[in-house]
Each structure stands twice: as structure tokens, then as C-alpha cells.
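As provided, upload-v4.cif (mmCIF, C-alpha atoms) reads as follows.
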```cif
data_final
loop_
_atom_site.group_PDB
_atom_site.id
_atom_site.type_symbol
_atom_site.label_atom_id
_atom_site.label_comp_id
_atom_site.auth_asym_id
_atom_site.auth_seq_id
_atom_site.Cartn_x
_atom_site.Cartn_y
_atom_site.Cartn_z
ATOM 1 C CA MET A 1 42.627 0.733 -20.611
ATOM 2 C CA LYS A 2 42.969 3.952 -18.682
ATOM 3 C CA THR A 3 40.403 5.623 -20.925
ATOM 4 C CA GLY A 4 37.869 2.895 -20.176
ATOM 5 C CA VAL A 5 38.376 3.321 -16.424
ATOM 6 C CA GLU A 6 37.964 7.083 -16.748
ATOM 7 C CA HIS A 7 34.734 6.606 -18.701
ATOM 8 C CA LYS A 8 33.375 4.277 -15.991
ATOM 9 C CA SER A 9 34.311 6.757 -13.258
ATOM 10 C CA ALA A 10 32.654 9.622 -15.117
ATOM 11 C CA TYR A 11 29.551 7.472 -15.673
ATOM 12 C CA LYS A 12 29.336 6.648 -11.960
ATOM 13 C CA ILE A 13 29.730 10.279 -10.960
ATOM 14 C CA ILE A 14 27.007 11.418 -13.377
ATOM 15 C CA SER A 15 24.735 8.588 -12.242
ATOM 16 C CA VAL A 16 25.169 9.520 -8.583
ATOM 17 C CA ILE A 17 24.467 13.191 -9.315
ATOM 18 C CA ILE A 18 21.284 12.314 -11.234
ATOM 19 C CA LEU A 19 20.123 9.950 -8.479
ATOM 20 C CA VAL A 20 20.745 12.577 -5.798
ATOM 21 C CA ILE A 21 18.767 15.165 -7.756
ATOM 22 C CA LEU A 22 15.878 12.726 -8.272
ATOM 23 C CA ALA A 23 15.935 11.738 -4.584
ATOM 24 C CA ILE A 24 15.709 15.394 -3.547
ATOM 25 C CA LEU A 25 12.804 15.991 -5.945
ATOM 26 C CA PHE A 26 10.894 12.959 -4.644
ATOM 27 C CA LEU A 27 11.607 13.645 -0.962
ATOM 28 C CA PHE A 28 10.854 17.362 -1.079
ATOM 29 C CA PRO A 29 7.018 16.983 -0.922
ATOM 30 C CA LEU A 30 7.400 14.735 2.134
ATOM 31 C CA TYR A 31 9.746 17.235 3.752
ATOM 32 C CA TRP A 32 7.335 20.083 3.038
ATOM 33 C CA ILE A 33 4.387 18.160 4.515
ATOM 34 C CA VAL A 34 6.230 17.114 7.679
ATOM 35 C CA THR A 35 7.684 20.549 8.383
ATOM 36 C CA GLY A 36 4.416 22.241 7.410
ATOM 37 C CA SER A 37 2.509 20.182 9.964
ATOM 38 C CA PHE A 38 4.522 21.937 12.694
ATOM 39 C CA LYS A 39 4.282 25.459 11.235
ATOM 40 C CA THR A 40 1.968 28.242 12.295
ATOM 41 C CA GLY A 41 -0.610 29.596 9.878
ATOM 42 C CA ALA A 42 1.516 32.681 9.289
ATOM 43 C CA ASP A 43 4.490 30.555 8.215
ATOM 44 C CA ILE A 44 2.371 28.340 5.948
ATOM 45 C CA PHE A 45 0.722 31.245 4.119
ATOM 46 C CA ALA A 46 3.727 33.594 4.139
ATOM 47 C CA THR A 47 3.925 35.422 0.802
ATOM 48 C CA ASP A 48 6.992 37.620 1.306
ATOM 49 C CA LYS A 49 9.399 34.679 1.434
ATOM 50 C CA ILE A 50 9.409 30.894 1.580
ATOM 51 C CA ILE A 51 9.641 29.504 5.115
ATOM 52 C CA TRP A 52 11.767 26.402 4.653
ATOM 53 C CA PHE A 53 11.866 25.537 8.353
ATOM 54 C CA PRO A 54 9.336 26.307 11.111
ATOM 55 C CA ARG A 55 10.251 29.546 12.844
ATOM 56 C CA GLU A 56 7.989 28.524 15.729
ATOM 57 C CA TRP A 57 7.281 24.847 16.349
ATOM 58 C CA THR A 58 3.648 24.200 17.206
ATOM 59 C CA MET A 59 1.411 21.176 17.760
ATOM 60 C CA ASN A 60 -1.799 23.146 17.164
ATOM 61 C CA ASN A 61 -2.319 21.538 13.759
ATOM 62 C CA PHE A 62 -2.279 18.033 15.241
ATOM 63 C CA ASP A 63 -4.412 19.203 18.157
ATOM 64 C CA ARG A 64 -7.106 20.574 15.819
ATOM 65 C CA MET A 65 -6.979 17.443 13.690
ATOM 66 C CA LEU A 66 -7.415 15.128 16.686
ATOM 67 C CA HIS A 67 -10.061 17.053 18.577
ATOM 68 C CA THR A 68 -12.319 18.343 15.818
ATOM 69 C CA ARG A 69 -14.450 15.197 16.008
ATOM 70 C CA THR A 70 -14.795 12.156 18.275
ATOM 71 C CA CYS A 71 -16.270 8.668 17.922
ATOM 72 C CA PRO A 72 -15.979 5.249 19.662
ATOM 73 C CA LEU A 73 -12.464 3.863 19.441
ATOM 74 C CA PHE A 74 -13.811 0.459 18.372
ATOM 75 C CA GLN A 75 -17.090 -1.423 18.097
ATOM 76 C CA LEU A 76 -17.461 -5.212 18.135
ATOM 77 C CA GLY A 77 -21.163 -5.987 17.769
ATOM 78 C CA PRO A 78 -22.926 -4.652 20.860
ATOM 79 C CA ILE A 79 -19.604 -3.859 22.563
ATOM 80 C CA VAL A 80 -18.717 -0.194 22.069
ATOM 81 C CA GLY A 81 -15.305 1.102 23.038
ATOM 82 C CA PRO A 82 -14.490 4.370 24.790
ATOM 83 C CA THR A 83 -14.882 7.679 23.000
ATOM 84 C CA ALA A 84 -11.662 8.919 21.434
ATOM 85 C CA PRO A 85 -10.543 11.345 18.715
ATOM 86 C CA ALA A 86 -11.987 10.221 15.404
ATOM 87 C CA ALA A 87 -8.512 10.291 13.826
ATOM 88 C CA TYR A 88 -7.481 7.382 16.079
ATOM 89 C CA ARG A 89 -10.459 5.324 14.871
ATOM 90 C CA TRP A 90 -9.713 6.244 11.258
ATOM 91 C CA LEU A 91 -6.091 5.197 11.687
ATOM 92 C CA LEU A 92 -7.112 1.866 13.250
ATOM 93 C CA ASN A 93 -9.572 1.279 10.391
ATOM 94 C CA THR A 94 -6.863 1.955 7.822
ATOM 95 C CA VAL A 95 -4.333 -0.324 9.508
ATOM 96 C CA PHE A 96 -6.909 -3.127 9.848
ATOM 97 C CA MET A 97 -8.008 -2.725 6.227
ATOM 98 C CA SER A 98 -4.455 -2.731 4.854
ATOM 99 C CA VAL A 99 -3.215 -5.634 6.996
ATOM 100 C CA MET A 100 -6.223 -7.862 6.249
ATOM 101 C CA ALA A 101 -6.025 -7.073 2.525
ATOM 102 C CA MET A 102 -2.310 -7.855 2.590
ATOM 103 C CA ILE A 103 -2.744 -11.220 4.349
ATOM 104 C CA LEU A 104 -5.700 -12.419 2.270
ATOM 105 C CA THR A 105 -4.151 -11.284 -1.007
ATOM 106 C CA CYS A 106 -0.851 -13.022 -0.267
ATOM 107 C CA VAL A 107 -2.659 -16.285 0.571
ATOM 108 C CA THR A 108 -4.933 -16.350 -2.464
ATOM 109 C CA ALA A 109 -2.397 -14.968 -4.950
ATOM 110 C CA SER A 110 0.346 -17.397 -3.901
ATOM 111 C CA MET A 111 -2.023 -20.358 -4.317
ATOM 112 C CA ALA A 112 -3.373 -19.143 -7.651
ATOM 113 C CA GLY A 113 0.093 -18.262 -8.943
ATOM 114 C CA TYR A 114 1.435 -21.685 -7.993
ATOM 115 C CA ALA A 115 -1.479 -23.444 -9.704
ATOM 116 C CA LEU A 116 -1.042 -21.427 -12.905
ATOM 117 C CA ALA A 117 2.712 -21.984 -12.957
ATOM 118 C CA LYS A 118 2.988 -25.669 -12.035
ATOM 119 C CA LYS A 119 -0.374 -27.313 -12.729
ATOM 120 C CA ARG A 120 -1.479 -28.428 -16.173
ATOM 121 C CA PHE A 121 -5.230 -28.168 -16.740
ATOM 122 C CA ARG A 122 -7.537 -27.253 -19.575
ATOM 123 C CA GLY A 123 -7.990 -23.514 -20.035
ATOM 124 C CA ARG A 124 -4.905 -22.572 -18.009
ATOM 125 C CA ALA A 125 -3.499 -20.258 -20.695
ATOM 126 C CA PHE A 126 -6.897 -18.677 -21.300
ATOM 127 C CA LEU A 127 -7.396 -18.067 -17.575
ATOM 128 C CA PHE A 128 -3.980 -16.466 -17.252
ATOM 129 C CA GLY A 129 -4.772 -14.306 -20.291
ATOM 130 C CA LEU A 130 -7.931 -13.075 -18.564
ATOM 131 C CA ILE A 131 -5.899 -12.171 -15.486
ATOM 132 C CA VAL A 132 -3.418 -10.202 -17.581
ATOM 133 C CA CYS A 133 -6.292 -8.398 -19.336
ATOM 134 C CA ALA A 134 -7.873 -7.608 -15.964
ATOM 135 C CA MET A 135 -4.663 -5.836 -14.961
ATOM 136 C CA ALA A 136 -5.291 -3.317 -17.742
ATOM 137 C CA LEU A 137 -8.860 -2.520 -16.646
ATOM 138 C CA PRO A 138 -9.253 0.746 -14.721
ATOM 139 C CA LYS A 139 -11.034 0.444 -11.422
ATOM 140 C CA GLN A 140 -13.816 2.776 -12.561
ATOM 141 C CA VAL A 141 -14.964 0.176 -15.122
ATOM 142 C CA VAL A 142 -15.945 -2.377 -12.467
ATOM 143 C CA LEU A 143 -17.111 0.138 -9.873
ATOM 144 C CA ILE A 144 -20.869 -0.129 -10.475
ATOM 145 C CA PRO A 145 -20.991 -3.978 -10.570
ATOM 146 C CA LEU A 146 -18.754 -4.058 -7.497
ATOM 147 C CA LEU A 147 -20.970 -1.613 -5.651
ATOM 148 C CA LYS A 148 -24.049 -3.691 -6.483
ATOM 149 C CA GLU A 149 -22.291 -6.835 -5.298
ATOM 150 C CA MET A 150 -21.359 -5.230 -1.982
ATOM 151 C CA SER A 151 -24.946 -4.008 -1.631
ATOM 152 C CA VAL A 152 -26.296 -7.545 -2.109
ATOM 153 C CA LEU A 153 -23.835 -8.787 0.510
ATOM 154 C CA ASN A 154 -24.965 -5.963 2.824
ATOM 155 C CA LEU A 155 -21.404 -4.676 3.090
ATOM 156 C CA VAL A 156 -21.839 -1.077 1.911
ATOM 157 C CA ASP A 157 -20.358 1.321 4.486
ATOM 158 C CA ASN A 158 -18.421 -1.594 5.944
ATOM 159 C CA ILE A 159 -14.640 -1.831 6.010
ATOM 160 C CA TRP A 160 -14.870 -5.293 4.404
ATOM 161 C CA ALA A 161 -16.331 -3.687 1.283
ATOM 162 C CA VAL A 162 -12.856 -2.237 0.667
ATOM 163 C CA ILE A 163 -10.946 -5.362 1.715
ATOM 164 C CA ILE A 164 -12.768 -8.067 -0.278
ATOM 165 C CA PRO A 165 -12.262 -6.566 -3.788
ATOM 166 C CA THR A 166 -8.516 -6.414 -3.136
ATOM 167 C CA VAL A 167 -8.245 -10.140 -2.428
ATOM 168 C CA GLY A 168 -8.533 -11.036 -6.117
ATOM 169 C CA TRP A 169 -5.909 -8.510 -7.230
ATOM 170 C CA PRO A 170 -4.797 -9.635 -10.745
ATOM 171 C CA PHE A 171 -1.329 -8.148 -10.332
ATOM 172 C CA GLY A 172 -0.787 -10.300 -7.236
ATOM 173 C CA VAL A 173 -1.630 -13.495 -9.132
ATOM 174 C CA PHE A 174 0.617 -12.432 -12.019
ATOM 175 C CA LEU A 175 3.526 -11.639 -9.702
ATOM 176 C CA MET A 176 3.261 -14.918 -7.783
ATOM 177 C CA LYS A 177 2.999 -16.917 -11.005
ATOM 178 C CA GLN A 178 6.280 -15.401 -12.155
ATOM 179 C CA PHE A 179 7.955 -16.361 -8.889
ATOM 180 C CA SER A 180 6.413 -19.850 -8.860
ATOM 181 C CA GLU A 181 7.913 -20.552 -12.274
ATOM 182 C CA SER A 182 11.330 -20.715 -10.582
ATOM 183 C CA VAL A 183 10.297 -23.599 -8.281
ATOM 184 C CA PRO A 184 12.070 -26.745 -9.578
ATOM 185 C CA SER A 185 9.566 -29.371 -10.684
ATOM 186 C CA GLU A 186 11.954 -32.077 -9.443
ATOM 187 C CA MET A 187 11.485 -30.871 -5.851
ATOM 188 C CA LEU A 188 7.706 -31.094 -6.211
ATOM 189 C CA GLU A 189 7.987 -34.622 -7.616
ATOM 190 C CA ALA A 190 10.308 -35.645 -4.764
ATOM 191 C CA ALA A 191 7.827 -34.324 -2.203
ATOM 192 C CA ARG A 192 4.986 -36.291 -3.790
ATOM 193 C CA ILE A 193 7.106 -39.471 -3.864
ATOM 194 C CA ASP A 194 7.786 -38.997 -0.153
ATOM 195 C CA GLY A 195 4.024 -39.051 0.403
ATOM 196 C CA ALA A 196 3.424 -35.319 0.884
ATOM 197 C CA GLY A 197 -0.049 -34.115 -0.046
ATOM 198 C CA GLU A 198 -0.774 -31.051 -2.135
ATOM 199 C CA LEU A 199 -1.204 -28.734 0.837
ATOM 200 C CA ARG A 200 1.942 -29.989 2.549
ATOM 201 C CA THR A 201 3.949 -29.700 -0.674
ATOM 202 C CA PHE A 202 2.760 -26.138 -1.113
ATOM 203 C CA SER A 203 3.491 -25.111 2.489
ATOM 204 C CA THR A 204 6.856 -26.858 2.943
ATOM 205 C CA VAL A 205 8.372 -26.675 -0.543
ATOM 206 C CA VAL A 206 6.779 -23.869 -2.519
ATOM 207 C CA ILE A 207 6.300 -21.214 0.181
ATOM 208 C CA PRO A 208 9.975 -21.106 1.301
ATOM 209 C CA LEU A 209 11.131 -20.768 -2.314
ATOM 210 C CA VAL A 210 8.725 -17.957 -3.226
ATOM 211 C CA LYS A 211 9.071 -16.096 0.082
ATOM 212 C CA PRO A 212 10.724 -13.056 -1.565
ATOM 213 C CA GLY A 213 7.745 -12.810 -3.916
ATOM 214 C CA ILE A 214 5.293 -12.996 -1.016
ATOM 215 C CA GLY A 215 7.221 -10.267 0.804
ATOM 216 C CA ALA A 216 7.155 -8.078 -2.292
ATOM 217 C CA LEU A 217 3.431 -8.698 -2.801
ATOM 218 C CA ALA A 218 2.782 -7.911 0.860
ATOM 219 C CA ILE A 219 4.271 -4.434 0.618
ATOM 220 C CA PHE A 220 2.655 -3.785 -2.775
ATOM 221 C CA THR A 221 -0.769 -4.774 -1.397
ATOM 222 C CA PHE A 222 -0.364 -2.831 1.839
ATOM 223 C CA ILE A 223 0.568 0.380 0.023
ATOM 224 C CA ASN A 224 -2.107 -0.095 -2.641
ATOM 225 C CA SER A 225 -4.818 -0.700 -0.051
ATOM 226 C CA TRP A 226 -3.691 2.173 2.173
ATOM 227 C CA ASN A 227 -3.693 4.663 -0.713
ATOM 228 C CA ASP A 228 -6.897 3.479 -2.431
ATOM 229 C CA TYR A 229 -8.784 6.698 -1.716
ATOM 230 C CA PHE A 230 -11.228 6.261 -4.598
ATOM 231 C CA MET A 231 -12.615 2.912 -3.395
ATOM 232 C CA GLN A 232 -12.753 4.141 0.191
ATOM 233 C CA LEU A 233 -14.698 7.232 -0.892
ATOM 234 C CA VAL A 234 -17.297 5.138 -2.741
ATOM 235 C CA MET A 235 -17.738 2.347 -0.195
ATOM 236 C CA LEU A 236 -17.473 4.163 3.163
ATOM 237 C CA SER A 237 -19.583 7.007 4.500
ATOM 238 C CA SER A 238 -20.077 6.929 8.281
ATOM 239 C CA ASP A 239 -17.480 8.456 10.605
ATOM 240 C CA ALA A 240 -16.894 5.171 12.435
ATOM 241 C CA ASN A 241 -15.880 3.359 9.221
ATOM 242 C CA LYS A 242 -13.809 6.009 7.481
ATOM 243 C CA THR A 243 -10.090 5.668 6.826
ATOM 244 C CA ILE A 244 -7.506 8.250 7.774
ATOM 245 C CA SER A 245 -7.245 9.822 4.312
ATOM 246 C CA LEU A 246 -11.024 9.918 3.883
ATOM 247 C CA GLY A 247 -11.542 11.325 7.365
ATOM 248 C CA ILE A 248 -8.956 14.070 6.914
ATOM 249 C CA ALA A 249 -10.603 15.047 3.633
ATOM 250 C CA THR A 250 -13.909 15.366 5.494
ATOM 251 C CA LEU A 251 -12.321 17.613 8.104
ATOM 252 C CA MET A 252 -10.902 19.780 5.365
ATOM 253 C CA GLY A 253 -14.366 20.315 3.970
ATOM 254 C CA GLU A 254 -15.611 21.516 7.336
ATOM 255 C CA SER A 255 -12.567 23.663 8.095
ATOM 256 C CA SER A 256 -12.535 25.372 4.679
ATOM 257 C CA ILE A 257 -8.994 24.580 3.586
ATOM 258 C CA ASP A 258 -7.041 24.570 6.817
ATOM 259 C CA MET A 259 -3.614 23.795 5.383
ATOM 260 C CA GLY A 260 -2.144 23.112 8.814
ATOM 261 C CA VAL A 261 -4.689 20.365 9.517
ATOM 262 C CA LEU A 262 -4.230 19.019 5.993
ATOM 263 C CA MET A 263 -0.454 18.702 6.411
ATOM 264 C CA ALA A 264 -0.797 17.185 9.882
ATOM 265 C CA GLY A 265 -3.225 14.592 8.544
ATOM 266 C CA ALA A 266 -1.017 13.837 5.544
ATOM 267 C CA ALA A 267 2.017 13.393 7.804
ATOM 268 C CA LEU A 268 0.056 11.039 10.085
ATOM 269 C CA ALA A 269 -1.211 9.031 7.114
ATOM 270 C CA ALA A 270 2.248 8.784 5.512
ATOM 271 C CA ALA A 271 4.109 7.617 8.633
ATOM 272 C CA PRO A 272 2.948 3.949 8.592
ATOM 273 C CA ILE A 273 3.602 3.650 4.853
ATOM 274 C CA ILE A 274 7.168 4.910 5.281
ATOM 275 C CA LEU A 275 7.718 2.517 8.195
ATOM 276 C CA VAL A 276 6.428 -0.486 6.229
ATOM 277 C CA PHE A 277 8.563 0.442 3.226
ATOM 278 C CA LEU A 278 11.726 0.752 5.332
ATOM 279 C CA ILE A 279 11.089 -2.641 6.955
ATOM 280 C CA PHE A 280 10.322 -4.495 3.701
ATOM 281 C CA GLN A 281 12.572 -2.499 1.375
ATOM 282 C CA LYS A 282 14.578 -5.605 0.423
ATOM 283 C CA TYR A 283 11.469 -7.486 -0.692
ATOM 284 C CA PHE A 284 10.156 -4.421 -2.499
ATOM 285 C CA THR A 285 13.329 -4.260 -4.600
ATOM 286 C CA GLN A 286 13.270 -8.009 -5.274
ATOM 287 C CA GLY A 287 9.671 -7.821 -6.395
ATOM 288 C CA ILE A 288 10.607 -5.274 -9.064
ATOM 289 C CA THR A 289 13.862 -6.825 -10.254
ATOM 290 C CA MET A 290 13.029 -10.549 -10.007
ATOM 291 C CA GLY A 291 9.310 -10.980 -10.489
ATOM 292 C CA ALA A 292 9.218 -8.800 -13.575
ATOM 293 C CA VAL A 293 11.717 -10.870 -15.549
ATOM 294 C CA LYS A 294 10.826 -14.435 -14.593
ATOM 295 C CA GLY A 295 8.779 -16.794 -16.729
#
```
Starting from the file, lay out its structure as C-alpha cells.
Amino acid sequence: MKTGVEHKSAYKIISVIILVILAILFLFPLYWIVTGSFKTGADIFATDKIIWFPREWTMNNFDRMLHTRTCPLFQLGPIVGPTAPAAYRWLLNTVFMSVMAMILTCVTASMAGYALAKKRFRGRAFLFGLIVCAMALPKQVVLIPLLKEMSVLNLVDNIWAVIIPTVGWPFGVFLMKQFSESVPSEMLEAARIDGAGELRTFSTVVIPLVKPGIGALAIFTFINSWNDYFMQLVMLSSDANKTISLGIATLMGESSIDMGVLMAGAALAAAPIILVFLIFQKYFTQGITMGAVKG
């Protein structure tokens, strides 16, 4: 008995050590970016020794990033907002893009997942098979048809050209189907007997039960949309419509590898993602541990 306890204790200690090492490895790039954004050029490019911590704190990197270029803060039809640093407009564009993609994806995926899990109709299995196959397709395969579609809709160089393709995210439908499988059919039947329509049954019975799945999908979609540099690069070109990552990359091209500006931009772009993850960390974990094993 004592030997078994000792083995468990040793296993826990080894597990903690491995997790700590992995955490340090994963957090080190973030630490290097954040501290590098406050370093001087001499500290960043020092070759005699590694500067682990800024010897002289400076905001020059952020100042150069914010004041290299300006554009209207917002534009709603003929209404043009005040001129501001372009980085502010890029950050607003990225937040709007990610939030709208998150909301629309959660709405459509939860409805589609519920229908595939609880409705019986001809071709249901085949349709779900197509969705699973679509998850394996790389984005580059559908890029040209998608670009033509956005061109027909006159949405090229428009922030909606990045939002709309995300709405039909196959992974979102798959995840919500897995969660919807856990909804008891008896509760749905009881709601229908009580006279509830399909929409009311979905909103009052299904949504509360799959709320952890929706929370998990929300954070997955937000992060995926925020980091989708490839689609942003293809669809967006003008300064007013660029995202923060795309805009910072443009500044880097003009500044010929200014590592200080690069780190300041990366730190600014990473801050909202970290905040969203910390807020929805519980749902993020549930989405991995629950949604992957249901069904």
C-alpha cells in the first residue's frame, strides 16, 4: 500500500515538473515580445550578451508604431471620423471582425449542430460526412472560389469579406453537434407537448444545456478569426480596412525590419487574445474535454 502511494507521489512530482517546463517554454516567446517592446534598439540587437530585462524602459517603439501612419478612426457611409493613428483603426477593425465572426458563427453552428443531432431527415448522415470532410480541407484549396464569390458580392477589400467565410466554419458545426447529442430527447418532447414551437424549444431548452459548448466555440472562433492572417492578407488591402497584424506587417516593410516596432505591434495584437482567453478559460477547457468525446 505504501509503495502505491509513493508511486503516485513520484508521478505527481514528475508531472508537475514537466508541466512547469512546458509552461516556461510556451510563455517565453510572450515574455520576450512584451519585454522587447520596451527595450531600446541597443538592447534588442545586443550581441555581447542576452538582455533578459530592459536596462532602460522606453515607449519609443509604441510611439513609432502609433505615429508612423494615420487614417480616419471610423467611417460609416458618408460619415468620416476624426483622424487618428492607423494602429487604432486596425485594432478596431480586428475587434469588430472577431466579435462579429464569433457571434454569427455561434448562432449558425448551434442551430446546425442541433438539427444534425436531434432531427431525423433524409441525407443527414451524408451532410454530416461532408462537414467532417470539409474540416480536413486546407484553406488554400477554397481560396480562389472564395475570392471570386467575394468579388461578385462586391466585398473585396471589405472587412465582411473576412467575416462571412467564417460563419460556416465546419468545426463549429461539428463541435455543437457533439454537445447537442447530450440534450435529452424527453425534454424536447415535453416542450412540444406544452405547446412550445421549434424556435422556443431551441432557445429555452437547448441553448441553456449547450451553453458550455457555445462558450467554447466563442473563444475558438474569436482566436481563429483574430489570427487568420492569411485570409486577411488576401481579402484586405487599403489602410482603412486592415487588421492589426496586417497593418503591423505593412509598417515593417516600410521600416526595414524595425524589431522594436514589430515587438510593440505583436504585444498590442496579443493583449486582447490573452484577455479573452483568461475570461473564457473555463469554457475553453470544457470545449476540449467534453465536446471531443461526446456522440
request  = Give me the residues within 10 Å of Ile159 of chain A as a list of chain:residue names, counting all atoms listed in the file and dropping any in the same chain fewer than 6 places off.
outcome  =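 The contact residues come out as A:Asn93, A:Thr94, A:Phe96, A:Met97, A:Gln232, A:Met235, A:Leu236, A:Ala240, A:Asn241, A:Lys242, A:Thr243.
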At most 10 Å is the cut-off: for each residue in segment 18-37 of chain A with any atom that close to an atom of segment 46-62 of chain A, write down the nearest atom pair and the distance in Å rounded to one decimal, counting all atoms listed in the file, chain first then increasing number, as a Markdown table.
```
| residue | atom | partner | partner_atom | distance |
| --- | --- | --- | --- | --- |
| A:Tyr31 | CA | A:Trp52 | CA | 9.4 |
| A:Trp32 | CA | A:Trp52 | CA | 7.9 |
| A:Thr35 | CA | A:Phe53 | CA | 6.5 |
| A:Gly36 | CA | A:Pro54 | CA | 7.4 |
| A:Ser37 | CA | A:Asn61 | CA | 6.3 |
```
request  = Please write the residues picked by the PyMOL selection byres ((chain A and resi 200-205) around 9) on this file as a PyMOL selection string.
outcome  = chain A and resi 111+114+183+187-188+191-192+196-199+206-209
task = Using the chain letters and residue numbers of this document, give as a count of residues only the residues selected by the PyMOL selection byres ((chain A and resi 30) around 12).
result = 23
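If only C-alpha atoms are the atoms counted, then among A:Pro170, A:Gly129, A:Gly213, A:Gly265 the closest residue to Gly247 of chain A is A:Gly265.
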ask   = Suppose you want the space between atom CA of Val276 of chain A and atom CA of Thr108 of chain A; what is it in Å?
value = 21.4 Å
query = Nearest to Thr221 of chain A among A:Ala249, A:Leu175, A:Ala10, A:Leu137, with distances taken over all atoms listed in the file: which residue is it?
reply =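 Of A:Ala249, A:Leu175, A:Ala10, A:Leu137, the one nearest Thr221 of chain A, counting all atoms listed in the file, is A:Leu175.
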request  = Taking the point (-4.9, -11.6, -17.4) as given in the file, collect each protein or nucleic acid residue that comes within 12 Å of it, counting only C-alpha atoms, and present the set as JSON, numbers by chain.
outcome  = {"A": [113, 116, 124, 125, 126, 127, 128, 129, 130, 131, 132, 133, 134, 135, 136, 137, 168, 169, 170, 171, 172, 173, 174, 175, 177]}
note = For Tyr88 of chain A, the closest of A:Lys39, A:His67, A:Lys148, A:Lys139 counting all atoms listed in the file is A:His67
request  = Between A:Glu186, A:Asp239, A:Asp157, A:Asp194, single out the one closest to Thr70 of chain A, counting all atoms listed in the file.
outcome  = A:Asp239
query = For Phe222 of chain A, which residue out of A:Leu146, A:Val141, A:Ile79, A:Val167 is the nearest one, using only C-alpha atoms?
reply =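 The shortest atom-to-atom distance to Phe222 of chain A comes from A:Val167.
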inquiry  = Which residues are close to segment 150-153 of chain A, i.e. within 12 Å by all atoms listed in the file, leaving aside same-chain residues fewer than 5 positions away? Reply as a PyMOL selection string.
reply    = chain A and resi 143-145+158-165+234-236
query = Which one is closest to Ala101 of chain A: A:Ala218, A:Val20, A:Cys71, A:Ala42? Count all atoms listed in the file.
reply = A:Ala218
Kindly list the centre and edge lengths in Å, rounded to one decimal, for the axis-aligned box that covers all listed atoms of segment 69-79 of chain A plus 3 Å on each of its six sides, as JSON.
```
{"center_x": -17.7, "center_y": 4.6, "center_z": 19.3, "size_x": 16.5, "size_y": 27.2, "size_z": 12.6}
```
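Taking atom CA of Thr40 of chain A and atom CA of Trp90 of chain A as the two end points, the separation is 24.9 Å.
Atom pair atom CA of Gly260 of chain A / atom CA of Ile44 of chain A has a distance of 7.5 Å (rounded to one decimal).
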Residues selected by the PyMOL selection byres ((chain A and resi 223) around 10), written as a VMD selection string = chain A and resid 98 to 99 102 217 to 222 224 to 228 272 to 274 276 to 277
inquiry  = Give me, as number ranges by chain, all polymer residues having an atom no more than 8 Å from Ile248 of chain A, counting only C-alpha atoms and skipping those fewer than 2 positions away in the same chain.
reply    = A: 65, 87, 244-246, 250-252, 262, 265
Show me that you can extract segment 131-182 of chain A, keeping C-alpha atoms, and write it as a compact mmCIF listing (two decimals), in the first residue's frame.
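The resulting file, out-v3.txt, is shown below:
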```
# COMPACT_ATOMS: atom_id res chain seq x y z
CA ILE A 131 -18.94 18.72 -42.88
CA VAL A 132 -16.34 16.38 -41.40
CA CYS A 133 -14.56 16.18 -44.77
CA ALA A 134 -14.61 19.98 -45.04
CA MET A 135 -12.72 20.17 -41.75
CA ALA A 136 -9.80 18.40 -43.43
CA LEU A 137 -9.63 20.82 -46.38
CA PRO A 138 -6.86 23.43 -46.15
CA LYS A 139 -7.99 26.99 -46.60
CA GLN A 140 -5.80 27.44 -49.68
CA VAL A 141 -7.97 24.93 -51.60
CA VAL A 142 -11.08 27.13 -51.46
CA LEU A 143 -9.26 30.45 -51.68
CA ILE A 144 -9.82 31.15 -55.39
CA PRO A 145 -13.57 30.26 -55.41
CA LEU A 146 -13.99 32.26 -52.21
CA LEU A 147 -12.21 35.26 -53.68
CA LYS A 148 -14.42 35.11 -56.78
CA GLU A 149 -17.52 34.89 -54.61
CA MET A 150 -16.49 37.94 -52.59
CA SER A 151 -15.76 39.78 -55.84
CA VAL A 152 -19.27 39.03 -57.15
CA LEU A 153 -20.71 40.29 -53.87
CA ASN A 154 -18.53 43.41 -54.17
CA LEU A 155 -16.94 42.70 -50.80
CA VAL A 156 -13.25 42.57 -51.76
CA ASP A 157 -11.24 44.93 -49.52
CA ASN A 158 -14.15 44.94 -47.09
CA ILE A 159 -13.98 43.63 -43.54
CA TRP A 160 -17.07 41.48 -44.22
CA ALA A 161 -15.06 39.50 -46.77
CA VAL A 162 -13.15 38.05 -43.81
CA ILE A 163 -16.18 37.65 -41.55
CA ILE A 164 -18.64 35.87 -43.88
CA PRO A 165 -16.44 32.83 -44.73
CA THR A 166 -16.00 32.15 -41.01
CA VAL A 167 -19.74 31.88 -40.38
CA GLY A 168 -19.93 28.43 -41.96
CA TRP A 169 -16.96 27.05 -40.01
CA PRO A 170 -17.26 23.22 -40.21
CA PHE A 171 -15.51 22.71 -36.88
CA GLY A 172 -18.14 24.87 -35.18
CA VAL A 173 -20.98 22.73 -36.55
CA PHE A 174 -19.14 19.55 -35.54
CA LEU A 175 -18.49 20.83 -32.02
CA MET A 176 -22.09 21.95 -31.46
CA LYS A 177 -23.45 18.66 -32.81
CA GLN A 178 -21.38 16.81 -30.22
CA PHE A 179 -22.76 18.99 -27.44
CA SER A 180 -26.34 18.78 -28.75
CA GLU A 181 -26.20 14.99 -28.57
CA SER A 182 -26.31 15.31 -24.77
```
